[in-house]
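*Asks:* The structure's right below; bear with me while I get my questions together.
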Amino acid sequence: MRTATIKRKTKETDIEVTVNLDGTGVSNIATGIGFFDHMLDLLARHSRIDLTVKAVGDLHIDHHHTTEDTGIALGQAVKQALGTMAGITRYAGVHMPMDETLSRVVIDISGRPVLVFKVDFPRDKIGEFDTELVREWFQAFAMNAGVTLHVETLYGDNSHHIAESCFKGLARALRAAVAIDPKAAGEIPSTKGSLGG
């Protein structure tokens with residue numbers, strides 16, 4: 001079982017994240033941010049990665065630190081759970097519809113962290129959640145998971161649907177990319193013989 005637990009504590013947040021890459025999509029999420037919990041629950045469900053997130057942050061200031069630091073911890077947990085990355089499929093991409101919205105998410109578990117994020121939100125907030133924090137979360141996740149990640153919303157009108165299509169797209173891309181390729185079991189999927197730079 002490819003699992004990892006990351007504990008991260010600062011003056012701003014106290015976070016514990018556990019992942020099981022070979023799970024069934026069970027989630028136990030508590031960040032104190034309702035919309036964000038919803039997005040992480042979607043991520044677990046559609047990636048089939050078991051995910052536990054317990055986060056206590058300085059929500060009296062805003063949602064920024066809790067959102068970003070959860071992305072950092074989750075990225076670190078995924079990277080740790082992947083280990084040597086032997087046998088993984090590595091690349092995956094998906095077009096994810098959500099009602100009137102369509103987003104494209106493409107991932108390379110390369111060991112080289114890059115985020116290209118081309119997503120515009122019609123509104124500044126989804127409930128109490130600042131839409132600019134969606135990019136902050138994806139940035140934190142990609143940098144700490146060590147993945148190349150391209151996220152682009154091709155069209156859409158509803159900010160909730162746009163965010164949801166991005167998270168669901170990442171979930172389905174992750175699901176495919178972390179899967180073990182039975183034709184390459186035990187092999188590092190790189191001509192270099194290693195992943196990570």
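By order of appearance in the structure tokens: chains A, B, ..., then residues from 1 within every chain, and ligands from 1 in the order shown.
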Sort by chain and increasing residue number a table of all residues of region 153-179 of chain A within 9 Å of region 18-31 of chain A, each with its closest pair of atoms and their distance in Å to one decimal, counting only C-alpha atoms, and write it as a Markdown table.

*Replies:*
| residue | atom | partner | partner_atom | distance |
| --- | --- | --- | --- | --- |
| A:Arg175 | CA | A:Leu21 | CA | 8.4 |
| A:Val178 | CA | A:Leu21 | CA | 7.4 |
| A:Ala179 | CA | A:Asp22 | CA | 8.3 |

*Asks:* Can you pull out every residue from region 5-63 of chain A that DSSP, working from the backbone, puts in strand (DSSP E or B), and format the result as a PyMOL selection string?

*Replies:* chain A and resi 5-9+13-20+27-30+50-57

*Asks:* Print the selection's residues with N, CA and C atoms to a file, as a compact mmCIF listing (two decimals), in the first residue's frame.

*Replies:*
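Dumped to again18.txt:
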# COMPACT_ATOMS: atom_id res chain seq x y z
N THR A 5 1.79 9.94 5.73
CA THR A 5 1.18 10.92 6.62
C THR A 5 2.15 12.07 6.79
N ILE A 6 1.65 13.27 6.61
CA ILE A 6 2.45 14.49 6.78
C ILE A 6 1.81 15.34 7.87
N LYS A 7 2.63 15.77 8.83
CA LYS A 7 2.18 16.70 9.85
C LYS A 7 2.96 18.00 9.66
N ARG A 8 2.24 19.09 9.60
CA ARG A 8 2.87 20.39 9.35
C ARG A 8 2.28 21.42 10.31
N LYS A 9 3.14 21.99 11.14
CA LYS A 9 2.67 22.96 12.13
C LYS A 9 3.50 24.23 12.04
N THR A 13 -0.88 27.63 10.98
CA THR A 13 -1.71 26.44 10.78
C THR A 13 -1.13 25.22 11.47
N ASP A 14 -1.99 24.27 11.75
CA ASP A 14 -1.62 22.96 12.28
C ASP A 14 -2.38 21.93 11.45
N ILE A 15 -1.64 21.19 10.63
CA ILE A 15 -2.26 20.34 9.61
C ILE A 15 -1.70 18.93 9.67
N GLU A 16 -2.59 17.96 9.53
CA GLU A 16 -2.19 16.56 9.37
C GLU A 16 -2.95 15.99 8.18
N VAL A 17 -2.19 15.40 7.25
CA VAL A 17 -2.76 14.82 6.03
C VAL A 17 -2.28 13.38 5.90
N THR A 18 -3.20 12.47 5.62
CA THR A 18 -2.86 11.08 5.34
C THR A 18 -3.45 10.69 3.99
N VAL A 19 -2.65 10.04 3.16
CA VAL A 19 -3.14 9.56 1.86
C VAL A 19 -2.84 8.07 1.70
N ASN A 20 -3.72 7.42 0.97
CA ASN A 20 -3.50 6.05 0.51
C ASN A 20 -3.80 6.05 -0.98
N SER A 27 -12.94 9.65 2.29
CA SER A 27 -12.36 10.90 2.77
C SER A 27 -12.90 11.26 4.14
N ASN A 28 -12.06 11.95 4.89
CA ASN A 28 -12.42 12.51 6.19
C ASN A 28 -11.75 13.88 6.25
N ILE A 29 -12.50 14.90 5.90
CA ILE A 29 -11.94 16.23 5.69
C ILE A 29 -12.51 17.21 6.70
N ALA A 30 -11.64 17.96 7.36
CA ALA A 30 -12.09 19.02 8.27
C ALA A 30 -11.06 20.14 8.28
N ASP A 50 -7.66 7.51 -0.85
CA ASP A 50 -8.18 7.74 0.50
C ASP A 50 -7.46 8.95 1.07
N LEU A 51 -8.23 9.87 1.65
CA LEU A 51 -7.66 11.14 2.09
C LEU A 51 -8.26 11.58 3.42
N THR A 52 -7.36 11.81 4.37
CA THR A 52 -7.76 12.40 5.65
C THR A 52 -7.03 13.73 5.79
N VAL A 53 -7.79 14.79 6.07
CA VAL A 53 -7.20 16.11 6.27
C VAL A 53 -7.80 16.72 7.53
N LYS A 54 -6.93 17.04 8.48
CA LYS A 54 -7.34 17.76 9.68
C LYS A 54 -6.52 19.04 9.72
N ALA A 55 -7.18 20.17 9.59
CA ALA A 55 -6.47 21.44 9.54
C ALA A 55 -7.11 22.44 10.49
N VAL A 56 -6.27 23.05 11.30
CA VAL A 56 -6.69 24.15 12.16
C VAL A 56 -5.83 25.35 11.77
N GLY A 57 -6.49 26.42 11.33
CA GLY A 57 -5.73 27.57 10.87
C GLY A 57 -6.29 28.87 11.37

*Asks:* Please identify all polymer residues within 10 Å of Gln139 (chain A), counting only C-alpha atoms, omitting same-chain residues fewer than 3 positions from it, and present them as a PyMOL selection string.

*Replies:* chain A and resi 68+71-72+75+113-117+133-136+142-145+149

*Asks:* Filtering to C-alpha atoms, could you give me those residues as a JSON list (two decimals), in the first residue's frame?

*Replies:*
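again_1.json was written with the following content:
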[["chain", "number", "residue", "atom", "x", "y", "z"],
["A", 68, "GLU", "CA", -2.17, 27.02, 0.89],
["A", 71, "GLY", "CA", -1.92, 22.11, -0.49],
["A", 72, "ILE", "CA", 1.68, 21.96, 0.71],
["A", 75, "GLY", "CA", 1.52, 17.55, -2.11],
["A", 113, "PRO", "CA", 7.30, 21.05, -10.22],
["A", 114, "VAL", "CA", 5.57, 23.38, -12.67],
["A", 115, "LEU", "CA", 2.07, 24.84, -12.64],
["A", 116, "VAL", "CA", 0.40, 26.42, -15.64],
["A", 117, "PHE", "CA", -2.98, 27.72, -14.47],
["A", 133, "LEU", "CA", -7.22, 30.71, -3.46],
["A", 134, "VAL", "CA", -7.98, 27.96, -5.98],
["A", 135, "ARG", "CA", -4.79, 28.86, -7.83],
["A", 136, "GLU", "CA", -2.88, 29.15, -4.54],
["A", 142, "ALA", "CA", 2.13, 21.01, -7.61],
["A", 143, "MET", "CA", 5.31, 22.45, -6.09],
["A", 144, "ASN", "CA", 5.29, 20.02, -3.17],
["A", 145, "ALA", "CA", 4.12, 16.94, -5.05],
["A", 149, "LEU", "CA", 0.46, 20.33, -13.85]]

*Asks:* Considering only C-alpha atoms, return as a list of chain:residue names whatever protein or nucleic-acid residues lie within 10 Å of Met39 (chain A), sequence-local ones (same chain, fewer than 6 positions apart) excluded.

*Replies:*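 Final neighbour list, sorted by chain and number: A:Ile29, A:Arg45, A:Val134, A:His160, A:Ala163, A:Glu164, A:Ser165, A:Cys166, A:Phe167, A:Lys168.
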
*Asks:* What's the separation between CA of Thr89 (chain A) and CA of Ala177 (chain A), in Å to one decimal place?

*Replies:*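 Rounded to one decimal, the two atoms are 4.9 Å apart.
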
*Asks:* Could you tell me, as an NGL selection string, which residues of region 2-178 of chain A DSSP assigns to helix (DSSP H, G or I) when given the backbone?

*Replies:* :A and (34-47 or 64-82 or 132-145 or 159-177)

*Asks:* Need the shell around Asp120 (chain A): protein/DNA/RNA residues with any atom at most 12 Å away, counting only C-alpha atoms. Skip same-chain ones fewer than 6 positions apart. Format as a PyMOL selection string?

*Replies:* chain A and resi 101+103+131-132+134-135+151-163+166

*Asks:* Considering only C-alpha atoms, can you say which of A:His38, A:Met96, A:His150, A:Ala140 comes closest to Lys118 (chain A)?

*Replies:*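 Checking each candidate against Lys118 (chain A), we get A:His150 as the closest.
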
*Asks:* Can you work out the spacing between CA of Glu12 (chain A) and CA of Lys125 (chain A) in Å, to one decimal?

*Replies:*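 Atom-to-atom, CA of Glu12 (chain A) to CA of Lys125 (chain A), that is 22.1 Å.
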
*Asks:* How far is it from CA of Asp130 (chain A) to CA of Arg112 (chain A), in Å with one decimal?

*Replies:* 28.1 Å
